[in-house]
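So this block is protein.txt, compact mmCIF, C-alpha atoms:
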# COMPACT_ATOMS: atom_id res chain seq x y z
CA MET A 1 192.68 -2.47 3.83
CA ASN A 2 192.36 -0.30 6.93
CA THR A 3 189.18 0.22 9.01
CA ARG A 4 188.38 3.56 7.38
CA THR A 5 188.56 2.04 3.88
CA ARG A 6 186.30 -0.85 4.91
CA VAL A 7 183.70 1.57 6.34
CA LEU A 8 183.72 3.70 3.18
CA THR A 9 183.55 0.62 0.96
CA GLY A 10 180.64 -0.74 3.04
CA THR A 11 178.87 2.63 2.84
CA ALA A 12 179.31 2.77 -0.93
CA LEU A 13 177.96 -0.77 -1.24
CA ALA A 14 174.97 0.06 0.95
CA LEU A 15 174.26 3.17 -1.13
CA ALA A 16 174.50 1.20 -4.36
CA LEU A 17 172.18 -1.51 -3.05
CA GLY A 18 169.77 1.15 -1.76
CA ALA A 19 169.75 2.88 -5.15
CA GLY A 20 169.08 -0.43 -6.86
CA THR A 21 166.21 -1.17 -4.51
CA PHE A 22 164.81 2.30 -5.02
CA GLY A 23 164.91 1.84 -8.78
CA ALA A 24 163.08 -1.47 -8.51
CA VAL A 25 160.44 0.02 -6.26
CA SER A 26 160.01 2.99 -8.56
CA ALA A 27 159.65 0.75 -11.59
CA SER A 28 157.03 -1.37 -9.80
CA ALA A 29 155.12 1.66 -8.53
CA SER A 30 154.74 3.08 -12.03
CA ALA A 31 152.44 0.21 -12.95
CA SER A 32 149.62 1.38 -10.68
CA PRO A 33 146.34 -0.54 -10.35
CA VAL A 34 144.50 2.31 -12.08
CA ALA A 35 146.91 2.22 -15.03
CA GLN A 36 146.54 -1.57 -15.19
CA ALA A 37 142.74 -1.28 -15.06
CA GLU A 38 142.74 1.25 -17.89
CA SER A 39 144.94 -0.98 -20.05
CA ALA A 40 142.87 -4.12 -19.48
CA PRO A 41 139.79 -3.79 -21.70
CA ALA A 42 138.24 -7.04 -20.43
CA ALA A 43 138.27 -5.83 -16.82
CA SER A 44 137.18 -2.28 -17.47
CA ALA A 45 135.32 -0.09 -19.87
CA LYS A 46 135.38 3.67 -20.19
CA LYS A 47 132.12 5.52 -19.96
CA ASP A 48 132.03 9.30 -20.06
CA GLY A 49 135.79 9.43 -19.39
CA ALA A 50 135.52 7.47 -16.11
CA VAL A 51 136.96 4.04 -15.51
CA LYS A 52 134.34 1.42 -14.73
CA ASP A 53 135.66 -1.65 -12.99
CA LYS A 54 133.76 -4.44 -11.28
CA ASN A 55 136.28 -4.23 -8.42
CA PHE A 56 135.07 -0.79 -7.31
CA THR A 57 131.81 0.71 -6.12
CA THR A 58 130.61 4.21 -5.44
CA THR A 59 128.64 5.31 -2.42
CA THR A 60 126.62 8.33 -1.41
CA HIS A 61 127.69 10.39 1.58
CA LEU A 62 126.32 13.48 3.28
CA THR A 63 128.37 16.62 2.88
CA ILE A 64 129.61 18.33 6.01
CA ASP A 65 127.18 21.15 5.21
CA ALA A 66 124.21 18.78 5.03
CA ALA A 67 125.26 16.97 8.22
CA SER A 68 125.67 20.30 10.02
CA ARG A 69 122.24 21.52 8.86
CA ALA A 70 120.61 18.28 10.01
CA ALA A 71 122.33 18.38 13.40
CA GLN A 72 121.41 22.03 13.93
CA ALA A 73 117.77 21.36 12.96
CA ALA A 74 117.59 18.53 15.49
CA LEU A 75 119.17 20.67 18.19
CA ASP A 76 116.82 23.58 17.41
CA ALA A 77 113.79 21.27 17.63
CA ALA A 78 114.93 20.11 21.07
CA GLU A 79 115.64 23.63 22.31
CA LYS A 80 112.15 24.77 21.22
CA GLU A 81 110.77 22.19 23.65
CA GLY A 82 113.21 23.12 26.41
CA GLN A 83 115.26 19.93 26.08
CA LYS A 84 119.02 19.81 26.58
CA VAL A 85 120.42 17.25 24.17
CA THR A 86 123.41 16.22 22.11
CA VAL A 87 123.04 15.45 18.41
CA ALA A 88 125.43 13.26 16.43
CA VAL A 89 125.49 12.59 12.69
CA VAL A 90 127.51 9.62 11.44
CA ASP A 91 128.24 8.45 7.90
CA ARG A 92 127.35 5.05 6.44
CA ASN A 93 130.45 3.54 8.03
CA GLY A 94 129.61 4.88 11.47
CA ASN A 95 132.26 7.61 11.42
CA THR A 96 131.17 10.80 13.12
CA ILE A 97 130.64 13.70 10.72
CA VAL A 98 129.43 16.24 13.29
CA THR A 99 128.34 16.31 16.91
CA LEU A 100 126.58 19.25 18.56
CA ARG A 101 126.29 19.28 22.32
CA GLY A 102 123.53 21.61 23.42
CA ASP A 103 123.93 23.90 26.38
CA GLY A 104 123.35 21.94 29.56
CA ALA A 105 123.26 18.50 27.92
CA GLY A 106 124.27 15.71 30.27
CA PRO A 107 127.71 14.11 30.08
CA GLN A 108 126.29 10.74 28.99
CA SER A 109 124.47 12.29 26.03
CA TYR A 110 127.57 12.71 23.86
CA GLU A 111 128.41 9.02 23.54
CA SER A 112 124.76 7.96 23.60
CA ALA A 113 123.93 10.19 20.62
CA GLN A 114 126.82 8.75 18.60
CA ARG A 115 125.88 5.18 19.42
CA LYS A 116 122.21 5.74 18.55
CA ALA A 117 123.21 7.25 15.20
CA PHE A 118 125.55 4.31 14.52
CA THR A 119 122.83 1.80 15.41
CA ALA A 120 120.25 3.48 13.16
CA VAL A 121 122.52 3.58 10.11
CA SER A 122 123.81 0.05 10.71
CA TRP A 123 120.33 -1.48 10.54
CA ASN A 124 118.70 1.21 8.37
CA ALA A 125 115.91 1.60 10.90
CA PRO A 126 114.91 3.94 13.71
CA THR A 127 116.31 2.74 17.01
CA SER A 128 112.79 2.69 18.51
CA VAL A 129 111.94 -0.07 16.01
CA LEU A 130 115.18 -1.89 16.79
CA VAL A 131 114.36 -1.94 20.52
CA GLY A 132 111.54 -4.36 19.68
CA ARG A 133 113.99 -6.72 17.99
CA LEU A 134 115.87 -7.17 21.26
CA ALA A 135 113.02 -9.33 22.57
CA GLN A 136 113.67 -11.79 19.74
CA THR A 137 117.47 -11.45 19.69
CA PRO A 138 118.73 -10.11 23.02
CA ASN A 139 122.41 -10.51 22.11
CA LEU A 140 122.12 -7.65 19.56
CA LYS A 141 122.87 -5.31 22.46
CA ASP A 142 126.32 -6.91 22.74
CA ILE A 143 127.49 -5.57 19.38
CA PRO A 144 130.14 -2.91 20.09
CA GLY A 145 129.15 0.69 19.47
CA THR A 146 125.40 0.09 19.42
CA LEU A 147 122.69 1.46 21.67
CA PHE A 148 119.16 0.14 21.40
CA LEU A 149 117.21 3.07 22.84
CA GLY A 150 114.87 5.39 20.96
CA GLY A 151 116.54 8.45 19.49
CA GLY A 152 118.34 7.32 16.34
CA THR A 153 117.09 7.59 12.77
CA PRO A 154 118.72 6.62 9.48
CA VAL A 155 119.19 9.06 6.63
CA GLN A 156 118.41 7.35 3.34
CA ALA A 157 119.13 7.97 -0.32
CA ASN A 158 116.95 5.86 -2.61
CA GLY A 159 116.05 3.61 0.32
CA ALA A 160 119.66 2.87 1.25
CA PRO A 161 121.21 4.14 4.48
CA VAL A 162 123.83 6.86 3.96
CA ALA A 163 123.99 8.35 7.47
CA GLY A 164 122.44 8.20 10.91
CA ILE A 165 121.28 10.93 13.27
CA GLY A 166 121.27 10.23 16.98
CA VAL A 167 119.87 12.42 19.75
CA ALA A 168 120.31 11.82 23.46
CA GLY A 169 119.50 13.73 26.62
CA ALA A 170 115.72 14.25 26.56
CA PRO A 171 113.70 12.45 29.24
CA SER A 172 112.49 9.82 26.76
CA GLY A 173 113.65 8.06 23.63
CA ASP A 174 110.45 9.15 21.92
CA LEU A 175 111.45 12.80 22.30
CA ASP A 176 115.02 12.09 21.24
CA GLU A 177 113.74 10.36 18.12
CA LYS A 178 111.31 13.18 17.36
CA PHE A 179 114.26 15.60 17.34
CA ALA A 180 116.38 13.25 15.21
CA LYS A 181 113.55 13.09 12.66
CA ALA A 182 113.54 16.89 12.56
CA GLY A 183 117.16 16.62 11.44
CA VAL A 184 116.26 14.16 8.68
CA ASP A 185 113.37 16.38 7.59
CA ALA A 186 115.72 19.36 7.29
CA LEU A 187 117.63 17.51 4.58
CA ALA A 188 114.51 17.26 2.42
CA LYS A 189 114.17 21.05 2.21

Re-express the file's structure as structure tokens.
Amino acid sequence: MNTRTRVLTGTALALALGAGTFGAVSASASASPVAQAESAPAASAKKDGAVKDKNFTTTTHLTIDAASRAAQAALDAAEKEGQKVTVAVVDRNGNTIVTLRGDGAGPQSYESAQRKAFTAVSWNAPTSVLVGRLAQTPNLKDIPGTLFLGGGTPVQANGAPVAGIGVAGAPSGDLDEKFAKAGVDALAK
């Protein structure tokens, strides 16, 4: 057997093994977890055509439209009072949905607004309330991504946090929080 024949034979073997592996993967992939859940009546039950399974949960999230309206309402409230701020809206997991940086807002306001929003949704409380908890538990401030200054408010659905609105850049946390609340209030309209 010459070198060329060995290379071709090795290539054919590799292709055959690859095809066999592909077939095995394809066969395994066809038995998806959803298909298995639908076929296991003890683990799931159908209600209104949807699969109900104790392994899954559903959550409520703001739409991009709602988050944008809330952010714009907060920014408008600040601008009416001559304040230059940044507004951030984050989802329940702390992921940023939208951030609006007002004209003339300081460079620190961008990150501060996001961190205030994250802090508010994480504890389902306004950040001004959470500032008081630092006296009892000062190491809270060490949690990454948090900022315990007034200016963050949670957005709730049936009492549960679904988003957070953070405002930063006004001369006080009280003003920042007032503007963040204007964003929450805009969602009720």

Exercise for the section: Return the single residue from A:Gly169, A:Pro138, A:Pro126, A:Gly183 that is closest to Gly104 (chain A), with distances computed using all atoms listed in the file. Expected result: A:Gly169

Problem - Shell around Ala113 (chain A) at 10 Å using all atoms listed in the file, local window under 4 positions removed, as a PyMOL selection string - result: chain A and resi 85-90+99-101+108-109+117-119+147+151-152+165-169+176+180

Problem - Between CA of Pro144 (chain A) and CA of Ala163 (chain A), distance in Å (one decimal) - result: 18.0 Å

Problem - Atomic separation - CA of Phe179 (chain A) relative to CA of Glu81 (chain A), Å - result: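 Computing the Euclidean distance for CA of Glu81 (chain A) and CA of Phe179 (chain A) yields 9.8 Å.
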
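With all atoms listed in the file as the atoms that count, the residue of A:Lys84, A:Arg69, A:Lys52, A:Lys181 with the shortest distance to Tyr110 (chain A) is A:Lys84.
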
Handout entry: Residue among A:Leu62, A:Ala105, A:Ala157, A:Val121 lying closest to Leu75 (chain A), counting all atoms listed in the file
Key =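 So, comparing all the options, the nearest one is A:Ala105.
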
Problem - region 129-131 of chain A surroundings by all atoms listed in the file, 12 Å radius, close-in-sequence under 4 positions cut, as a list of chain:residue names - result: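 Listed by chain and then number, they are A:Lys116, A:Thr119, A:Ala120, A:Val121, A:Ser122, A:Trp123, A:Asn124, A:Ala125, A:Ala135, A:Gln136, A:Thr137, A:Pro138, A:Asn139, A:Leu140, A:Lys141, A:Thr146, A:Leu147, A:Phe148, A:Leu149, A:Gly150, A:Gly151, A:Gly152, A:Thr153, A:Pro154, A:Gly173, A:Asp174, A:Glu177.
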
Around region 123-136 of chain A, with edges along x, y and z and 4 Å added on all six sides, what centre and edge lengths do you get, in Å to one decimal, as AutoDock Vina command-line options?
--center_x 115.9 --center_y -3.9 --center_z 15.5 --size_x 16.8 --size_y 23.7 --size_z 22.2

Exercise for the section: Go ahead and compute the interatomic distance for CA of Ala70 (chain A) and CA of Val184 (chain A), in Å to one decimal. Expected result: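 Distance between the two atoms: 6.1 Å.
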